[in-house]
Amino acid sequence: SHNNISISTFNNNYDLAIISETVRAATVGTQLTAWTKPIATFERGLVEEFKISNGNGEISISQTEITNSASLLAGGYANGNQPLSGMTAYTNLSNLAPDADVVTRDVNNNNRITIFSVLQGEDLTSGTADGTRVFWGPGTEGVINSPVWDDLFEGLVDFLVEQTGSTPPSGPPSAVNNLQASIQDSITISLSWSAPSGAFDHYEVEYKLSSASTWTSTGTQTSTNKQITSLTTDSTY
């Protein structure tokens, strides 16, 4: 957002935050500088407000150098160069918070850091971190979407989620249990089922004529029953 935010709204509703590159640092980003939850900033102007670095810039790159493959922020890539074409923000190594974990650099200048993190409680350029902080340079305007960019962004989200102490679902839930269907009248059927194992947040019931190629959705729901009406008599679904 380009507008002011309510820090109380963030405190009460969110477990992590990502600040876009186009945000107004003085009105939005500075509201979160003392936030105690994980946060990533694409806005290079905020590295000083967050006290994670002093000084910043923006460069055109064709590759990025992965320097810490062990970090989730590396997106699963081994150490070495990866193609990433466009603009990226950076800060200088000499101005970095002393406990910062450097993940990517400019391949043409190892002094330019493009992705790094500082964990909660670790040293900043002044004081200690109130919450985990990530500077993510590839979020700047002009970076071309690529598999590398996508993987690095997924790594960013995984890193932030891990810092919240949450555990992402390991995979899809199992199938629902005990699915039952009962005919109500010539055009109506009622369905019921038991919840599956695994993480999930809603159900979506779909149906179709056996001769049809497309499904009709009844929308999403959290209850374990559904009545479907306006069916065609003497037809197989």
# chains A, B, ... in the order shown; residues from 1 in each chain; ligands from 1
call {"tool": "residues_around", "arguments": {"residues": "Glu206 of chain A", "least_positions_apart": "4", "cutoff": "7 Å", "atoms": "only C-alpha atoms", "output": "list in words"}}
result
Trp215, Thr216, Ser217 and Thr218 of chain A
call {"tool": "residues_around", "arguments": {"residues": "Ile39 of chain A", "least_positions_apart": "4", "cutoff": "8 Å", "atoms": "only C-alpha atoms", "output": "short mmCIF file (atom, residue, chain, number, x, y, z; two decimals) with C-alpha atoms, in the first residue's frame"}}
result
data_model
loop_
_atom_site.label_atom_id
_atom_site.label_comp_id
_atom_site.auth_asym_id
_atom_site.auth_seq_id
_atom_site.Cartn_x
_atom_site.Cartn_y
_atom_site.Cartn_z
CA LEU A 16 4.57 -11.94 8.81
CA ALA A 17 4.80 -9.08 6.33
CA ILE A 18 6.37 -8.32 2.95
CA ILE A 19 6.85 -4.65 2.05
CA GLY A 131 12.10 -9.25 14.82
CA THR A 132 13.57 -11.22 11.93
CA ARG A 133 14.35 -8.86 9.05
CA VAL A 134 15.02 -9.72 5.40
CA LEU A 160 9.47 -16.08 6.83
#
call {"tool": "closest_residue", "arguments": {"among": "A:Val176, A:Val205, A:Ala40, A:Val148", "to": "Gly219 of chain A", "atoms": "only C-alpha atoms"}}
result
A:Val205
call {"tool": "closest_residue", "arguments": {"among": "A:Thr232, A:Ser62, A:Ser53, A:Thr128", "to": "Thr91 of chain A", "atoms": "only C-alpha atoms"}}
result
A:Ser53
call {"tool": "closest_residue", "arguments": {"among": "A:Asn108, A:Ser230, A:Ser213, A:Asn79", "to": "Ile61 of chain A", "atoms": "only C-alpha atoms"}}
result
A:Asn108
call {"tool": "select_by_dssp", "arguments": {"residues": "segment 70-142 of chain A", "states": "strand (DSSP E)", "output": "ChimeraX atom specification"}}
result
/A:80-92,101-106,109-118,133-136
call {"tool": "write_last_selection", "arguments": {"atoms": "N, CA, C and O atoms", "output": "compact mmCIF listing (two decimals), in the first residue's frame"}}
result
# COMPACT_ATOMS: atom_id res chain seq x y z
N GLY A 80 26.77 -20.46 -6.33
CA GLY A 80 27.21 -20.21 -7.70
C GLY A 80 26.28 -19.23 -8.38
O GLY A 80 25.34 -18.70 -7.76
N ASN A 81 26.52 -18.97 -9.65
CA ASN A 81 25.75 -17.97 -10.39
C ASN A 81 24.48 -18.56 -10.98
O ASN A 81 24.46 -19.70 -11.47
N GLN A 82 23.40 -17.76 -10.96
CA GLN A 82 22.13 -18.13 -11.55
C GLN A 82 21.62 -16.97 -12.41
O GLN A 82 21.79 -15.81 -12.03
N PRO A 83 20.97 -17.27 -13.55
CA PRO A 83 20.46 -16.19 -14.40
C PRO A 83 19.29 -15.47 -13.76
O PRO A 83 18.35 -16.09 -13.28
N LEU A 84 19.38 -14.17 -13.70
CA LEU A 84 18.30 -13.34 -13.15
C LEU A 84 18.46 -11.96 -13.77
O LEU A 84 19.29 -11.17 -13.34
N SER A 85 17.65 -11.69 -14.78
CA SER A 85 17.86 -10.49 -15.59
C SER A 85 16.90 -9.38 -15.18
O SER A 85 15.71 -9.61 -15.01
N GLY A 86 17.44 -8.18 -15.02
CA GLY A 86 16.61 -7.02 -14.70
C GLY A 86 17.29 -6.14 -13.68
O GLY A 86 18.51 -6.09 -13.59
N MET A 87 16.48 -5.42 -12.90
CA MET A 87 17.00 -4.52 -11.88
C MET A 87 16.91 -5.17 -10.50
O MET A 87 15.95 -5.89 -10.21
N THR A 88 17.90 -4.94 -9.68
CA THR A 88 17.84 -5.40 -8.30
C THR A 88 18.39 -4.31 -7.39
O THR A 88 19.27 -3.54 -7.79
N ALA A 89 17.84 -4.23 -6.20
CA ALA A 89 18.37 -3.31 -5.20
C ALA A 89 19.51 -3.99 -4.46
O ALA A 89 19.61 -5.22 -4.44
N TYR A 90 20.37 -3.20 -3.86
CA TYR A 90 21.48 -3.77 -3.11
C TYR A 90 21.86 -2.84 -1.97
O TYR A 90 21.47 -1.68 -1.91
N THR A 91 22.64 -3.40 -1.06
CA THR A 91 23.32 -2.60 -0.05
C THR A 91 24.76 -3.08 0.00
O THR A 91 25.06 -4.20 -0.45
N ASN A 92 25.65 -2.28 0.52
CA ASN A 92 27.07 -2.63 0.52
C ASN A 92 27.45 -3.47 1.73
O ASN A 92 26.97 -3.24 2.84
N ASP A 101 23.10 -12.46 7.61
CA ASP A 101 23.39 -13.70 6.88
C ASP A 101 23.23 -13.41 5.39
O ASP A 101 22.12 -13.28 4.89
N VAL A 102 24.33 -13.28 4.67
CA VAL A 102 24.32 -12.92 3.25
C VAL A 102 23.98 -14.14 2.41
O VAL A 102 24.59 -15.20 2.56
N VAL A 103 23.00 -13.99 1.51
CA VAL A 103 22.54 -15.12 0.69
C VAL A 103 22.87 -14.93 -0.79
O VAL A 103 23.27 -15.87 -1.46
N THR A 104 22.69 -13.73 -1.33
CA THR A 104 23.02 -13.48 -2.73
C THR A 104 23.76 -12.16 -2.87
O THR A 104 23.58 -11.23 -2.08
N ARG A 105 24.61 -12.08 -3.93
CA ARG A 105 25.39 -10.88 -4.22
C ARG A 105 25.32 -10.57 -5.70
O ARG A 105 24.92 -11.39 -6.52
N ASP A 106 25.77 -9.39 -6.04
CA ASP A 106 25.99 -8.99 -7.42
C ASP A 106 27.22 -9.73 -7.93
O ASP A 106 28.30 -9.64 -7.34
N ASN A 109 30.24 -7.53 -8.45
CA ASN A 109 30.78 -6.76 -7.33
C ASN A 109 30.34 -7.43 -6.03
O ASN A 109 29.21 -7.24 -5.58
N ASN A 110 31.23 -8.23 -5.44
CA ASN A 110 30.87 -8.99 -4.24
C ASN A 110 30.60 -8.11 -3.03
O ASN A 110 30.14 -8.59 -1.99
N ASN A 111 30.88 -6.82 -3.16
CA ASN A 111 30.58 -5.90 -2.07
C ASN A 111 29.09 -5.54 -2.04
O ASN A 111 28.59 -5.02 -1.05
N ARG A 112 28.39 -5.81 -3.16
CA ARG A 112 26.98 -5.47 -3.25
C ARG A 112 26.12 -6.67 -2.87
O ARG A 112 26.11 -7.69 -3.55
N ILE A 113 25.38 -6.53 -1.79
CA ILE A 113 24.56 -7.61 -1.25
C ILE A 113 23.11 -7.41 -1.71
O ILE A 113 22.54 -6.33 -1.52
N THR A 114 22.51 -8.46 -2.30
CA THR A 114 21.15 -8.31 -2.84
C THR A 114 20.07 -9.03 -2.03
O THR A 114 18.91 -8.68 -2.11
N ILE A 115 20.45 -10.07 -1.27
CA ILE A 115 19.50 -10.71 -0.35
C ILE A 115 20.26 -11.05 0.93
O ILE A 115 21.32 -11.67 0.88
N PHE A 116 19.71 -10.65 2.07
CA PHE A 116 20.30 -11.06 3.34
C PHE A 116 19.24 -11.01 4.43
O PHE A 116 18.17 -10.41 4.25
N SER A 117 19.53 -11.65 5.56
CA SER A 117 18.59 -11.67 6.68
C SER A 117 19.32 -11.38 7.98
O SER A 117 20.52 -11.61 8.12
N VAL A 118 18.56 -10.85 8.93
CA VAL A 118 19.02 -10.65 10.30
C VAL A 118 17.95 -11.22 11.22
O VAL A 118 16.79 -10.80 11.15
N ARG A 133 14.42 -9.81 10.15
CA ARG A 133 14.35 -8.86 9.05
C ARG A 133 15.05 -9.43 7.82
O ARG A 133 16.13 -10.01 7.93
N VAL A 134 14.42 -9.28 6.66
CA VAL A 134 15.02 -9.72 5.40
C VAL A 134 15.03 -8.55 4.43
O VAL A 134 14.01 -7.87 4.26
N PHE A 135 16.16 -8.32 3.81
CA PHE A 135 16.23 -7.39 2.68
C PHE A 135 16.27 -8.23 1.42
O PHE A 135 17.13 -9.09 1.26
N TRP A 136 15.32 -7.97 0.50
CA TRP A 136 15.16 -8.81 -0.69
C TRP A 136 15.25 -7.92 -1.93
O TRP A 136 14.27 -7.36 -2.40
call {"tool": "residues_around", "arguments": {"residues": "segment 119-126 of chain A", "least_positions_apart": "3", "cutoff": "8 Å", "atoms": "only C-alpha atoms", "output": "list of chain:residue names"}}
result
A:Thr36, A:Lys51, A:Ile52, A:Ser53, A:Asn54, A:Asn95, A:Leu96, A:Ala97, A:Pro98, A:Asp99, A:Ala100, A:Ala129, A:Asp130, A:Gly131, A:Thr132, A:Arg133
call {"tool": "write_last_selection", "arguments": {"atoms": "N, CA and C atoms", "output": "PDB file, in the first residue's frame"}}
result
ATOM      1  N   THR A  36       7.764  -6.966  15.959  1.00  0.00           N
ATOM      2  CA  THR A  36       8.532  -8.085  16.489  1.00  0.00           C
ATOM      3  C   THR A  36       8.348  -9.375  15.697  1.00  0.00           C
ATOM      4  N   LYS A  51      17.612  -0.383  10.367  1.00  0.00           N
ATOM      5  CA  LYS A  51      18.949  -0.486  10.947  1.00  0.00           C
ATOM      6  C   LYS A  51      19.623  -1.816  10.597  1.00  0.00           C
ATOM      7  N   ILE A  52      19.302  -2.334   9.401  1.00  0.00           N
ATOM      8  CA  ILE A  52      19.948  -3.560   8.946  1.00  0.00           C
ATOM      9  C   ILE A  52      21.094  -3.259   7.991  1.00  0.00           C
ATOM     10  N   SER A  53      21.191  -2.009   7.552  1.00  0.00           N
ATOM     11  CA  SER A  53      22.303  -1.588   6.710  1.00  0.00           C
ATOM     12  C   SER A  53      22.297  -0.065   6.620  1.00  0.00           C
ATOM     13  N   ASN A  54      23.392   0.474   6.121  1.00  0.00           N
ATOM     14  CA  ASN A  54      23.474   1.907   5.838  1.00  0.00           C
ATOM     15  C   ASN A  54      23.866   2.079   4.375  1.00  0.00           C
ATOM     16  N   ASN A  95      28.570  -1.816   4.892  1.00  0.00           N
ATOM     17  CA  ASN A  95      27.578  -1.094   5.694  1.00  0.00           C
ATOM     18  C   ASN A  95      26.550  -2.016   6.346  1.00  0.00           C
ATOM     19  N   LEU A  96      26.812  -3.313   6.291  1.00  0.00           N
ATOM     20  CA  LEU A  96      25.814  -4.298   6.691  1.00  0.00           C
ATOM     21  C   LEU A  96      25.828  -4.514   8.206  1.00  0.00           C
ATOM     22  N   ALA A  97      24.641  -4.892   8.743  1.00  0.00           N
ATOM     23  CA  ALA A  97      24.569  -5.291  10.148  1.00  0.00           C
ATOM     24  C   ALA A  97      25.545  -6.435  10.387  1.00  0.00           C
ATOM     25  N   PRO A  98      26.279  -6.424  11.501  1.00  0.00           N
ATOM     26  CA  PRO A  98      27.355  -7.401  11.713  1.00  0.00           C
ATOM     27  C   PRO A  98      26.898  -8.850  11.757  1.00  0.00           C
ATOM     28  N   ASP A  99      25.662  -9.117  12.176  1.00  0.00           N
ATOM     29  CA  ASP A  99      25.180 -10.501  12.254  1.00  0.00           C
ATOM     30  C   ASP A  99      24.338 -10.903  11.045  1.00  0.00           C
ATOM     31  N   ALA A 100      24.372 -10.112   9.989  1.00  0.00           N
ATOM     32  CA  ALA A 100      23.563 -10.411   8.806  1.00  0.00           C
ATOM     33  C   ALA A 100      24.047 -11.683   8.119  1.00  0.00           C
ATOM     34  N   ALA A 129      17.878  -6.573  16.684  1.00  0.00           N
ATOM     35  CA  ALA A 129      16.671  -6.724  15.857  1.00  0.00           C
ATOM     36  C   ALA A 129      15.460  -7.042  16.732  1.00  0.00           C
ATOM     37  N   ASP A 130      14.394  -6.266  16.573  1.00  0.00           N
ATOM     38  CA  ASP A 130      13.141  -6.552  17.280  1.00  0.00           C
ATOM     39  C   ASP A 130      12.487  -7.815  16.740  1.00  0.00           C
ATOM     40  N   GLY A 131      12.650  -8.064  15.457  1.00  0.00           N
ATOM     41  CA  GLY A 131      12.103  -9.254  14.817  1.00  0.00           C
ATOM     42  C   GLY A 131      12.977  -9.616  13.631  1.00  0.00           C
ATOM     43  N   THR A 132      12.792 -10.806  13.095  1.00  0.00           N
ATOM     44  CA  THR A 132      13.566 -11.218  11.930  1.00  0.00           C
ATOM     45  C   THR A 132      13.335 -10.248  10.774  1.00  0.00           C
ATOM     46  N   ARG A 133      14.420  -9.812  10.149  1.00  0.00           N
ATOM     47  CA  ARG A 133      14.355  -8.857   9.049  1.00  0.00           C
ATOM     48  C   ARG A 133      15.048  -9.428   7.820  1.00  0.00           C
TER      49      ARG A 133
END
call {"tool": "residues_around", "arguments": {"residues": "Glu43 of chain A", "least_positions_apart": "5", "cutoff": "8 Å", "atoms": "only C-alpha atoms", "output": "ChimeraX atom specification"}}
result
/A:19-23,25,137,139-140
